[in-house]
$ cat entry.cif   # mmCIF, C-alpha atoms
data_entry
#
loop_
_atom_site.label_atom_id
_atom_site.label_comp_id
_atom_site.auth_asym_id
_atom_site.auth_seq_id
_atom_site.Cartn_x
_atom_site.Cartn_y
_atom_site.Cartn_z
CA ARG A 1 164.41 84.58 38.34
CA GLY A 2 167.16 83.98 35.85
CA LEU A 3 165.45 80.85 34.52
CA VAL A 4 162.47 82.85 33.39
CA GLY A 5 164.26 85.98 32.40
CA SER A 6 167.11 84.38 30.52
CA GLU A 7 166.45 82.05 27.58
CA MET A 8 170.17 81.20 27.46
CA CYS A 9 170.09 80.02 31.07
CA ILE A 10 167.17 77.66 30.39
CA ARG A 11 168.80 76.21 27.30
CA ASP A 12 172.25 75.74 28.79
CA SER A 13 171.03 74.33 32.10
CA LEU A 14 168.65 71.79 30.57
CA ASN A 15 171.32 70.64 28.12
CA ASP A 16 173.67 69.80 30.97
CA GLU A 17 174.86 66.19 30.69
CA ASN A 18 174.24 65.59 34.39
CA GLU A 19 170.67 64.36 34.86
CA LYS A 20 170.68 65.48 38.45
CA VAL A 21 171.37 69.05 37.34
CA GLN A 22 168.58 68.83 34.75
CA GLY A 23 166.21 67.54 37.42
CA GLU A 24 167.03 70.37 39.82
CA ILE A 25 166.57 72.97 37.08
CA LEU A 26 163.17 71.50 36.16
CA TRP A 27 162.16 71.40 39.83
CA ALA A 28 163.13 75.08 40.26
CA LEU A 29 161.40 76.06 37.03
CA ASN A 30 158.25 74.29 38.20
CA ARG A 31 158.28 76.24 41.49
CA ILE A 32 158.80 79.54 39.69
CA LEU A 33 156.05 78.93 37.14
CA TRP A 34 153.35 78.80 39.78
CA ARG A 35 153.69 82.61 39.93
CA ASP A 36 151.47 84.49 37.49
CA GLU A 37 154.22 86.80 36.24
CA ALA A 38 156.46 83.80 35.54
CA LYS A 39 153.70 82.05 33.58
CA ALA A 40 153.23 85.16 31.47
CA LYS A 41 156.96 85.40 30.67
CA PHE A 42 157.16 81.71 29.81
CA LYS A 43 154.22 81.98 27.41
CA ARG A 44 155.98 84.83 25.61
CA LEU A 45 159.01 82.68 24.85
CA PRO A 46 159.27 81.68 21.19
CA ASP A 47 158.38 78.11 20.19
CA SER A 48 162.01 77.22 19.60
CA LYS A 49 162.86 78.07 23.20
CA VAL A 50 159.98 76.29 24.97
CA LYS A 51 160.73 73.26 22.79
CA ILE A 52 163.97 72.89 24.73
CA VAL A 53 161.88 72.34 27.87
CA PHE A 54 159.13 70.21 26.31
CA ASP A 55 161.65 67.92 24.59
CA LYS A 56 162.72 66.72 28.02
CA LEU A 57 159.57 64.57 27.91
CA LYS A 58 161.65 62.32 25.63
CA SER A 59 164.34 61.83 28.27
CA LYS A 60 165.31 58.28 29.15
CA SER A 61 165.03 59.23 32.81
CA GLU A 62 161.53 58.74 34.25
CA SER A 63 162.28 61.33 36.91
CA ILE A 64 163.15 63.93 34.25
CA ARG A 65 159.99 63.14 32.30
CA ILE A 66 157.84 63.50 35.43
CA ARG A 67 159.43 66.86 36.34
CA THR A 68 158.93 68.08 32.78
CA ILE A 69 155.23 67.21 33.02
CA TRP A 70 155.08 69.32 36.19
CA VAL A 71 156.64 72.24 34.31
CA VAL A 72 154.23 71.99 31.37
CA GLU A 73 151.29 71.85 33.77
CA ALA A 74 152.57 74.76 35.88
CA SER A 75 153.22 76.94 32.81
CA GLU A 76 149.61 76.54 31.59
CA ASP A 77 151.09 76.90 28.12
CA THR A 78 148.84 75.06 25.65
CA ARG A 79 151.81 74.61 23.32
CA GLY A 80 152.77 71.76 25.63
CA VAL A 81 149.55 69.82 24.98
CA PRO A 82 150.78 67.92 21.88
CA TYR A 83 153.89 66.88 23.83
CA LEU A 84 151.77 65.59 26.69
CA ILE A 85 149.54 63.67 24.27
CA ASN A 86 152.63 61.92 22.88
CA VAL A 87 153.65 60.96 26.42
CA LEU A 88 150.38 59.04 26.85
CA GLY A 89 152.10 56.24 24.95
CA ASP A 90 154.90 56.02 27.52
CA LYS A 91 155.69 52.58 28.94
CA SER A 92 155.55 53.91 32.50
CA GLN A 93 152.19 53.82 34.27
CA GLU A 94 153.24 56.77 36.45
CA ILE A 95 154.13 58.90 33.42
CA LYS A 96 150.81 58.15 31.71
CA ILE A 97 148.80 59.01 34.81
CA ARG A 98 150.66 62.28 35.42
CA ALA A 99 150.24 63.26 31.77
CA ILE A 100 146.50 62.55 32.06
CA TRP A 101 146.27 64.80 35.13
CA ALA A 102 148.22 67.57 33.39
CA LEU A 103 145.99 67.44 30.31
CA GLU A 104 142.94 67.63 32.55
CA ASN A 105 144.29 70.68 34.39
CA LEU A 106 145.10 72.32 31.05
CA LYS A 107 141.46 71.61 30.00
CA ALA A 108 142.82 70.04 26.83
CA LYS A 109 139.63 68.73 25.24
CA GLU A 110 141.57 67.98 22.07
CA ALA A 111 143.30 65.23 24.05
CA GLY A 112 140.01 63.37 24.57
CA TYR A 113 140.54 60.88 21.75
CA ALA A 114 144.07 60.03 22.90
CA ILE A 115 142.97 59.61 26.52
CA GLU A 116 140.08 57.42 25.38
CA GLY A 117 142.68 55.11 23.87
CA LEU A 118 144.04 54.51 27.38
CA LEU A 119 140.73 52.90 28.36
CA GLU A 120 142.24 49.75 26.83
CA ASP A 121 145.45 50.05 28.85
CA PRO A 122 146.35 46.89 30.82
CA SER A 123 146.66 48.98 34.01
CA VAL A 124 143.43 49.33 36.01
CA LYS A 125 144.73 52.53 37.57
CA VAL A 126 145.41 54.09 34.16
CA LYS A 127 141.93 53.14 32.97
CA ILE A 128 140.29 54.65 36.05
CA GLU A 129 142.26 57.91 35.82
CA SER A 130 141.39 58.11 32.10
CA ILE A 131 137.70 57.70 32.90
CA LYS A 132 137.87 60.45 35.52
CA THR A 133 139.57 62.88 33.16
CA LEU A 134 137.23 62.16 30.24
CA MET A 135 134.29 62.96 32.49
CA ARG A 136 135.86 66.18 33.81
CA LEU A 137 136.72 67.27 30.27
CA LYS A 138 133.02 66.68 29.42
CA SER A 139 134.14 64.67 26.43
CA ALA A 140 130.84 63.69 24.77
CA GLU A 141 132.82 62.02 21.96
CA SER A 142 134.07 59.48 24.51
CA ILE A 143 130.60 58.12 25.39
CA GLU A 144 131.13 55.04 23.22
CA GLY A 145 134.46 54.26 24.86
CA LEU A 146 133.03 54.71 28.36
CA VAL A 147 130.08 52.46 27.52
CA LYS A 148 132.52 49.71 26.50
CA LYS A 149 134.10 49.92 29.95
CA LEU A 150 130.79 48.79 31.47
CA LYS A 151 131.95 45.32 30.34
CA ASP A 152 135.50 45.67 31.69
CA PRO A 153 136.81 42.62 33.59
CA ASP A 154 137.52 44.79 36.65
CA GLU A 155 134.46 45.79 38.70
CA ASN A 156 136.10 49.06 39.85
CA VAL A 157 136.52 50.14 36.23
CA ARG A 158 132.87 49.29 35.57
CA ILE A 159 131.78 51.37 38.57
CA TYR A 160 133.88 54.36 37.48
CA ALA A 161 132.43 54.07 33.97
CA LEU A 162 128.93 54.23 35.48
CA TRP A 163 130.02 57.22 37.57
CA ALA A 164 131.26 59.06 34.47
CA LEU A 165 128.21 58.21 32.36
CA GLU A 166 125.91 59.43 35.13
CA ARG A 167 127.61 62.82 35.10
CA LEU A 168 127.69 63.05 31.31
CA HIS A 169 123.93 62.32 31.38
CA ASN A 170 123.69 61.17 27.77
CA PRO A 171 120.59 59.07 26.89
CA LEU A 172 122.67 57.20 24.29
CA SER A 173 124.23 55.31 27.20
CA TYR A 174 120.98 54.39 28.99
CA ALA A 175 120.42 50.99 27.37
CA GLU A 176 123.89 49.81 28.44
CA ILE A 177 123.51 51.29 31.92
CA VAL A 178 120.29 49.32 32.44
CA GLU A 179 122.07 46.13 31.32
CA CYS A 180 124.40 46.58 34.31
CA LEU A 181 121.50 45.47 36.52
CA LYS A 182 122.53 41.97 35.32
CA ASP A 183 126.19 42.46 36.31
CA PRO A 184 127.72 39.57 38.30
CA SER A 185 129.04 42.03 40.90
CA ASP A 186 126.66 43.14 43.67
CA ARG A 187 128.59 46.41 43.99
CA VAL A 188 128.05 47.19 40.30
CA LYS A 189 124.35 46.31 40.51
CA GLU A 190 123.85 48.49 43.59
CA TYR A 191 125.68 51.40 41.95
CA THR A 192 123.63 50.98 38.75
CA ILE A 193 120.41 51.33 40.75
CA LYS A 194 121.81 54.47 42.40
CA VAL A 195 122.78 55.96 39.01
CA ILE A 196 119.33 55.39 37.51
CA GLU A 197 117.62 56.79 40.60
CA GLU A 198 119.87 59.87 40.65
CA LEU A 199 119.38 60.61 36.95
CA ASN A 200 115.62 60.16 37.39
CA ASP A 201 115.13 60.28 33.62
CA LYS A 202 112.02 58.75 32.03
CA ASN A 203 114.13 57.83 29.00
CA PHE A 204 115.20 54.84 31.09
CA LEU A 205 111.65 53.42 31.13
CA PRO A 206 111.60 51.52 27.79
CA PHE A 207 114.97 49.92 28.57
CA LEU A 208 113.80 48.88 32.03
CA GLN A 209 110.64 47.39 30.55
CA ASN A 210 112.64 45.46 27.96
CA LEU A 211 114.88 44.09 30.70
CA VAL A 212 111.88 42.86 32.70
CA VAL A 213 110.37 40.86 29.81
CA SER A 214 113.65 39.60 28.35
CA GLU A 215 114.13 35.84 28.58
CA ASN A 216 117.81 36.41 29.35
CA THR A 217 117.15 38.42 32.52
CA ASP A 218 117.59 36.78 35.91
CA ILE A 219 114.89 37.28 38.54
CA GLU A 220 117.04 39.59 40.69
CA ALA A 221 117.57 41.97 37.78
CA GLN A 222 113.86 41.80 36.91
CA LEU A 223 112.89 42.77 40.45
CA SER A 224 115.38 45.65 40.48
CA ALA A 225 114.00 46.90 37.16
CA LEU A 226 110.41 46.66 38.45
CA LYS A 227 111.30 48.67 41.53
CA LEU A 228 112.92 51.34 39.36
CA LEU A 229 109.84 51.39 37.13
CA GLY A 230 107.84 52.13 40.26
CA LYS A 231 110.10 55.07 41.12
CA LEU A 232 110.30 56.55 37.61
CA GLY A 233 107.03 55.34 36.11
CA ASP A 234 104.30 57.19 34.25
CA GLU A 235 100.89 56.26 32.80
CA ASP A 236 102.38 54.07 30.09
CA THR A 237 104.41 52.27 32.73
CA GLN A 238 101.21 51.60 34.67
CA LYS A 239 99.69 49.87 31.62
CA PHE A 240 102.82 47.74 31.27
CA LEU A 241 102.70 46.77 34.95
CA PHE A 242 98.96 46.01 34.93
CA ASN A 243 99.56 43.54 32.11
CA LEU A 244 102.34 41.90 34.11
CA THR A 245 100.06 41.32 37.11
CA ARG A 246 98.81 38.37 35.05
CA SER A 247 102.28 36.81 35.05
CA GLU A 248 102.60 33.15 35.96
CA ASP A 249 105.38 34.06 38.40
CA PRO A 250 103.94 35.17 41.77
CA VAL A 251 107.14 37.08 42.58
CA ILE A 252 106.62 39.21 39.46
CA ARG A 253 102.93 39.75 40.30
CA LYS A 254 103.84 40.84 43.82
CA SER A 255 106.55 43.24 42.60
CA CYS A 256 104.21 44.72 39.99
CA LEU A 257 101.69 45.60 42.70
CA GLU A 258 104.42 47.27 44.74
CA ALA A 259 105.63 49.24 41.70
CA LEU A 260 102.09 50.37 40.83
CA PHE A 261 101.64 51.46 44.44
CA MET A 262 104.77 53.63 44.16
CA ILE A 263 103.58 55.30 40.95
CA ASP A 264 100.04 56.19 42.08
CA LYS A 265 98.56 54.43 45.09
CA PHE A 266 95.13 55.99 44.53
CA ASN A 267 94.82 54.91 40.92
CA SER A 268 91.32 53.47 40.50
CA GLY A 269 92.57 50.52 38.47
CA LEU A 270 95.14 49.66 41.13
CA LEU A 271 92.53 49.81 43.92
CA GLN A 272 90.34 47.34 42.06
CA GLN A 273 93.29 45.11 41.20
CA LEU A 274 94.42 45.03 44.83
CA CYS A 275 90.93 44.05 45.99
CA PHE A 276 90.78 41.27 43.42
CA MET A 277 94.24 39.90 44.20
CA GLU A 278 93.71 40.19 47.95
CA ASN A 279 90.77 37.82 47.62
CA PHE A 280 91.50 35.62 44.64
CA ASP A 281 95.20 35.40 43.78
CA ARG A 282 96.36 31.80 44.00
CA ASP A 283 99.59 32.68 45.83
CA ARG A 284 99.48 33.48 49.54
CA ARG A 285 102.39 35.96 49.32
CA VAL A 286 100.65 37.95 46.61
CA ARG A 287 97.39 38.01 48.60
CA LYS A 288 99.29 39.15 51.69
CA THR A 289 101.06 41.92 49.76
CA ALA A 290 97.79 43.12 48.21
CA SER A 291 96.18 43.15 51.66
CA TYR A 292 99.08 45.10 53.15
CA LEU A 293 99.06 47.71 50.37
CA LEU A 294 95.28 48.13 50.66
CA GLY A 295 95.69 48.58 54.39
CA GLU A 296 98.24 51.37 53.85
CA ILE A 297 95.93 53.06 51.33
CA ILE A 298 92.93 52.81 53.66
CA LYS A 299 94.98 54.34 56.50
CA GLU A 300 95.81 57.31 54.31
CA MET A 301 92.20 57.62 53.18
CA GLU A 302 91.13 57.71 56.84
CA SER A 303 93.49 60.63 57.50
CA LYS A 304 92.10 62.48 54.46
CA LEU A 305 88.54 62.19 55.80
CA SER A 306 89.25 64.80 58.45
CA LYS A 307 90.41 67.37 55.87
CA SER A 308 87.66 69.26 54.09
CA GLU A 309 89.77 69.76 50.95
CA GLU A 310 90.62 66.04 50.62
CA LYS A 311 87.49 64.22 51.80
CA GLU A 312 85.88 64.41 48.34
CA GLU A 313 88.71 62.34 46.86
CA VAL A 314 88.04 59.63 49.46
CA ILE A 315 84.31 59.63 48.71
CA GLN A 316 85.04 59.14 44.99
CA LYS A 317 87.51 56.31 45.61
CA MET A 318 85.25 54.31 47.95
CA GLU A 319 83.57 52.60 44.99
CA PHE A 320 86.86 50.99 44.02
CA ILE A 321 87.67 49.41 47.39
CA GLN A 322 84.25 47.95 48.20
CA GLU A 323 85.70 44.42 48.02
CA ALA A 324 88.59 45.20 50.40
CA ARG A 325 88.71 42.93 53.45
CA ASN A 326 89.66 45.84 55.69
CA LEU A 327 86.77 48.02 54.54
CA ARG A 328 84.87 48.03 57.85
CA ARG A 329 87.64 50.04 59.43
CA ILE A 330 87.16 53.04 57.16
CA LEU A 331 83.36 52.70 57.20
CA LYS A 332 83.47 53.09 60.98
CA LYS A 333 85.62 56.20 60.57
CA MET A 334 83.16 57.61 58.03
CA ALA A 335 80.24 56.98 60.39
CA GLU A 336 81.97 59.22 62.95
CA SER A 337 82.74 62.01 60.47
CA GLU A 338 81.55 65.56 61.09
CA TYR A 339 80.77 65.93 57.40
CA PRO A 340 77.24 64.78 56.40
CA GLU A 341 78.30 63.85 52.86
CA VAL A 342 80.86 61.43 54.30
CA ARG A 343 78.26 59.80 56.56
CA GLU A 344 75.82 59.57 53.63
CA LYS A 345 78.45 57.79 51.55
CA MET A 346 79.00 55.35 54.42
CA VAL A 347 75.30 54.46 54.50
CA GLU A 348 75.25 54.04 50.72
CA MET A 349 78.27 51.75 50.87
CA CYS A 350 76.81 49.64 53.68
CA LEU A 351 73.55 49.05 51.82
CA LYS A 352 75.36 48.19 48.61
CA LEU A 353 77.76 45.86 50.38
CA SER A 354 74.96 44.17 52.29
CA LEU A 355 73.24 43.10 49.10
CA ILE A 356 76.53 41.85 47.70
CA HIS A 357 77.70 39.95 50.77
CA ILE A 358 74.36 38.35 51.62
CA SER A 359 74.60 36.49 48.32
CA GLU A 360 77.88 34.81 49.36
CA PRO A 361 76.86 31.56 51.11
CA THR A 362 80.47 30.47 51.59
CA ARG A 363 81.32 33.53 53.68
CA PRO A 364 79.17 33.49 56.85
CA LEU A 365 81.00 36.43 58.41
CA TYR A 366 80.02 38.67 55.51
CA ILE A 367 76.42 37.36 55.60
CA SER A 368 76.09 38.28 59.29
CA TYR A 369 77.54 41.71 58.61
CA ALA A 370 75.19 42.21 55.64
CA VAL A 371 72.11 41.28 57.66
CA PHE A 372 73.20 43.66 60.40
CA CYS A 373 73.50 46.51 57.86
CA LEU A 374 70.12 45.78 56.30
CA LYS A 375 68.44 45.90 59.72
#
$ encode --input "entry.cif" --output "structure tokens"
Amino acid sequence: RGLVGSEMCIRDSLNDENEKVQGEILWALNRILWRDEAKAKFKRLPDSKVKIVFDKLKSKSESIRIRTIWVVEASEDTRGVPYLINVLGDKSQEIKIRAIWALENLKAKEAGYAIEGLLEDPSVKVKIESIKTLMRLKSAESIEGLVKKLKDPDENVRIYALWALERLHNPLSYAEIVECLKDPSDRVKEYTIKVIEELNDKNFLPFLQNLVVSENTDIEAQLSALKLLGKLGDEDTQKFLFNLTRSEDPVIRKSCLEALFMIDKFNSGLLQQLCFMENFDRDRRVRKTASYLLGEIIKEMESKLSKSEEKEEVIQKMEFIQEARNLRRILKKMAESEYPEVREKMVEMCLKLSLIHISEPTRPLYISYAVFCLK
């Protein structure tokens, strides 16, 4: 009680030559200052008196400096902020980290620039704690510094920088975040994908597209970007992906089909493209992927046929899958439908397909099927 109530007691005790005595006084003062009434009394002390306490941050003893940081933090007195900022230049890693924590708890946004300077500290732990505090202080001015840490030699620092940038959600960082898909660390690449998915922001799309077509992008990063384009994509993205289905690389063509499927599986252009690539793509893997995706679409179309509010969509889309190899399956389902318009569409499709397939001399199975339909 005396420490808070008596300015003389604070001054005399902290000026004691015995460091152990100073340490015990600071420890006791820290305990007292966690009480609201003690905080209020401390904040009413004149500047000249609290300076006696804050000046202990200049002590040669690391233990004294640490205990003084505790006191400044416990007091919640913002007059201590400039003293804590000065301590960020301390040689001790422990002192710097504790000062960072104290500034965060004091919500000292004015310390943002000084804390950003610690992003270049040789200690990984100091860099990580600085990143955490800059994010929690919502320091938008530190975006540039955090972006630089995406190139830090330590993968943990790079991951924490991604974590902070995700929470700050500033589009100015998106180009550099996307570049992390090319990071040499699998952990960083996986976390980058998670960040982009969580933010779910279409402002990522142009950067993802640029990454895909860049000559400096490895195939793994290209495939990750294509998958993300599928998850975030819009109509413009579809145009970009349709153009890429003409790529010389079959892996790219295959991934483009999968991305287009994710954006809008019932897109008329995609249905036609899948039919074409199922039959004519020169790579077996691409043909197999197109066939699989068409099969999944046809399954869903079959389920829609039994729903009066969705059957019309199926009827309209039938024109675009008439070259699908698995078409007979849905035609059979349509023939069994309770809705006359569905059965009529089935007959129309069979007649149209018969005339098409009977003209294909190299495909005897289709010719037999066509003749059967015409009968």
$ resolve_selection --input "entry.cif" --expression "the PyMOL selection byres ((chain A and resi 213-221) around 10)" --output "tab-separated table (two decimals) with C-alpha atoms, in the coordinates of the input"
chain	number	residue	atom	x	y	z
A	178	VAL	CA	120.29	49.32	32.44
A	179	GLU	CA	122.07	46.13	31.32
A	180	CYS	CA	124.40	46.58	34.31
A	181	LEU	CA	121.50	45.47	36.52
A	182	LYS	CA	122.53	41.97	35.32
A	183	ASP	CA	126.19	42.46	36.31
A	189	LYS	CA	124.35	46.31	40.51
A	208	LEU	CA	113.80	48.88	32.03
A	209	GLN	CA	110.64	47.39	30.55
A	210	ASN	CA	112.64	45.46	27.96
A	211	LEU	CA	114.88	44.09	30.70
A	212	VAL	CA	111.88	42.86	32.70
A	222	GLN	CA	113.86	41.80	36.91
A	223	LEU	CA	112.89	42.77	40.45
A	224	SER	CA	115.38	45.65	40.48
A	225	ALA	CA	114.00	46.90	37.16
A	226	LEU	CA	110.41	46.66	38.45
A	227	LYS	CA	111.30	48.67	41.53
A	244	LEU	CA	102.34	41.90	34.11
A	251	VAL	CA	107.14	37.08	42.58
A	252	ILE	CA	106.62	39.21	39.46
$ resolve_selection --input "entry.cif" --expression "the PyMOL selection byres ((chain A and resi 51-67) around 9)" --output "VMD selection string"
chain A and resid 10 to 11 14 to 15 19 to 20 22 to 23 26 to 27 30 46 to 50 68 to 72 80 83 to 84 86 to 87 92 94 to 95 98 to 99
$ closest_residue --input "entry.cif" --among "A:Lys109, A:Arg187, A:Arg35, A:Lys333" --to "Arg136 (chain A)" --atoms "all atoms listed in the file"
A:Lys109
$ resolve_selection --input "entry.cif" --expression "the PyMOL selection byres ((chain A and resi 341) around 12)" --output "list in words"
Leu305, Ser308, Lys311, Glu312, Val314, Ile315, Gln316, Met334, Ala335, Glu336, Ser337, Glu338, Tyr339, Pro340, Val342, Arg343, Glu344, Lys345, Met346, Val347 and Glu348 of chain A
$ residues_near_point --input "entry.cif" --point "(138.7, 59.4, 28.8)" --cutoff "6 Å" --atoms "only C-alpha atoms" --output "list in words"
Gly112, Ile115, Glu116, Ser130, Ile131, Thr133 and Leu134 of chain A
$ residues_near_point --input "entry.cif" --point "(143.5, 70.7, 22.9)" --cutoff "10 Å" --atoms "all atoms listed in the file" --output "NGL selection string"
:A and (78-82 or 85 or 103 or 106-112)
$ residues_around --input "entry.cif" --residues "Ala324 (chain A)" --least-positions-apart "6" --cutoff "12 Å" --atoms "all atoms listed in the file" --output "PyMOL selection string"
chain A and resi 271-280+287+290-298+318+330-331+353+366
$ residues_around --input "entry.cif" --residues "Asn267 (chain A)" --least-positions-apart "6" --cutoff "10 Å" --atoms "all atoms listed in the file" --output "PDB file with C-alpha atoms, in the coordinates of the input"
ATOM      1  CA  GLN A 238     101.210  51.600  34.670  1.00  0.00           C
ATOM      2  CA  LEU A 260     102.090  50.370  40.830  1.00  0.00           C
ATOM      3  CA  PHE A 261     101.640  51.460  44.440  1.00  0.00           C
ATOM      4  CA  GLN A 273      93.290  45.110  41.200  1.00  0.00           C
ATOM      5  CA  LYS A 317      87.510  56.310  45.610  1.00  0.00           C
ATOM      6  CA  PHE A 320      86.860  50.990  44.020  1.00  0.00           C
TER       7      PHE A 320
END
$ atom_distance --input "entry.cif" --atom1 "CA of Glu190 (chain A)" --atom2 "CA of Asn156 (chain A)"
12.8 Å
$ closest_residue --input "entry.cif" --among "A:Asp154, A:Glu104, A:Glu248, A:Glu37" --to "Lys132 (chain A)" --atoms "all atoms listed in the file"
A:Glu104
$ closest_residue --input "entry.cif" --among "A:Ser75, A:Ser247, A:Gln93, A:Ser185" --to "Arg44 (chain A)" --atoms "all atoms listed in the file"
A:Ser75
$ closest_residue --input "entry.cif" --among "A:Ile196, A:Ala40, A:Ile177, A:Met262" --to "Asp234 (chain A)" --atoms "only C-alpha atoms"
A:Met262
$ atom_distance --input "entry.cif" --atom1 "CA of Arg31 (chain A)" --atom2 "CA of Asp90 (chain A)"
24.8 Å
$ axis_aligned_box --input "entry.cif" --around "region 139-145 of chain A" --padding-each-side "8 Å" --output "lines of an AutoDock Vina configuration file"
center_x = 132.5
center_y = 59.5
center_z = 24.2
size_x = 19.9
size_y = 26.4
size_z = 20.5
$ atom_distance --input "entry.cif" --atom1 "CA of Asn170 (chain A)" --atom2 "CA of Asp264 (chain A)"
28.1 Å
$ decode --input "entry.cif" --residues "region 235-254 of chain A" --atoms "N, CA and C atoms" --output "short mmCIF file (atom, residue, chain, number, x, y, z; two decimals), in the first residue's frame"
data_model
loop_
_atom_site.label_atom_id
_atom_site.label_comp_id
_atom_site.auth_asym_id
_atom_site.auth_seq_id
_atom_site.Cartn_x
_atom_site.Cartn_y
_atom_site.Cartn_z
N GLU A 235 -17.04 -15.60 -64.31
CA GLU A 235 -17.19 -15.74 -65.76
C GLU A 235 -15.90 -15.42 -66.51
N ASP A 236 -15.20 -14.39 -66.08
CA ASP A 236 -13.94 -14.04 -66.75
C ASP A 236 -12.91 -15.16 -66.57
N THR A 237 -12.93 -15.78 -65.41
CA THR A 237 -12.02 -16.90 -65.16
C THR A 237 -12.34 -18.05 -66.10
N GLN A 238 -13.62 -18.28 -66.35
CA GLN A 238 -14.01 -19.35 -67.27
C GLN A 238 -13.42 -19.12 -68.66
N LYS A 239 -13.48 -17.88 -69.14
CA LYS A 239 -12.90 -17.56 -70.46
C LYS A 239 -11.40 -17.86 -70.47
N PHE A 240 -10.73 -17.48 -69.40
CA PHE A 240 -9.29 -17.73 -69.28
C PHE A 240 -9.01 -19.23 -69.33
N LEU A 241 -9.81 -20.01 -68.60
CA LEU A 241 -9.59 -21.45 -68.53
C LEU A 241 -9.94 -22.14 -69.86
N PHE A 242 -10.99 -21.68 -70.52
CA PHE A 242 -11.35 -22.27 -71.82
C PHE A 242 -10.20 -22.09 -72.81
N ASN A 243 -9.57 -20.94 -72.79
CA ASN A 243 -8.42 -20.71 -73.68
C ASN A 243 -7.28 -21.67 -73.36
N LEU A 244 -7.10 -21.95 -72.07
CA LEU A 244 -6.00 -22.82 -71.66
C LEU A 244 -6.25 -24.29 -71.97
N THR A 245 -7.50 -24.65 -72.27
CA THR A 245 -7.75 -26.06 -72.63
C THR A 245 -7.09 -26.41 -73.96
N ARG A 246 -6.56 -25.39 -74.65
CA ARG A 246 -5.82 -25.64 -75.89
C ARG A 246 -4.31 -25.72 -75.64
N SER A 247 -3.93 -25.74 -74.37
CA SER A 247 -2.51 -25.82 -74.02
C SER A 247 -1.86 -27.09 -74.59
N GLU A 248 -0.58 -26.99 -74.88
CA GLU A 248 0.17 -28.16 -75.36
C GLU A 248 0.40 -29.16 -74.24
N ASP A 249 0.33 -28.70 -73.01
CA ASP A 249 0.60 -29.57 -71.85
C ASP A 249 -0.70 -30.27 -71.43
N PRO A 250 -0.76 -31.60 -71.51
CA PRO A 250 -1.98 -32.31 -71.15
C PRO A 250 -2.35 -32.15 -69.67
N VAL A 251 -1.33 -31.98 -68.82
CA VAL A 251 -1.61 -31.79 -67.39
C VAL A 251 -2.37 -30.49 -67.17
N ILE A 252 -2.01 -29.45 -67.91
CA ILE A 252 -2.71 -28.17 -67.82
C ILE A 252 -4.13 -28.31 -68.36
N ARG A 253 -4.27 -28.99 -69.50
CA ARG A 253 -5.62 -29.19 -70.07
C ARG A 253 -6.52 -29.93 -69.08
N LYS A 254 -6.00 -30.96 -68.49
CA LYS A 254 -6.76 -31.75 -67.51
C LYS A 254 -7.18 -30.90 -66.31
#
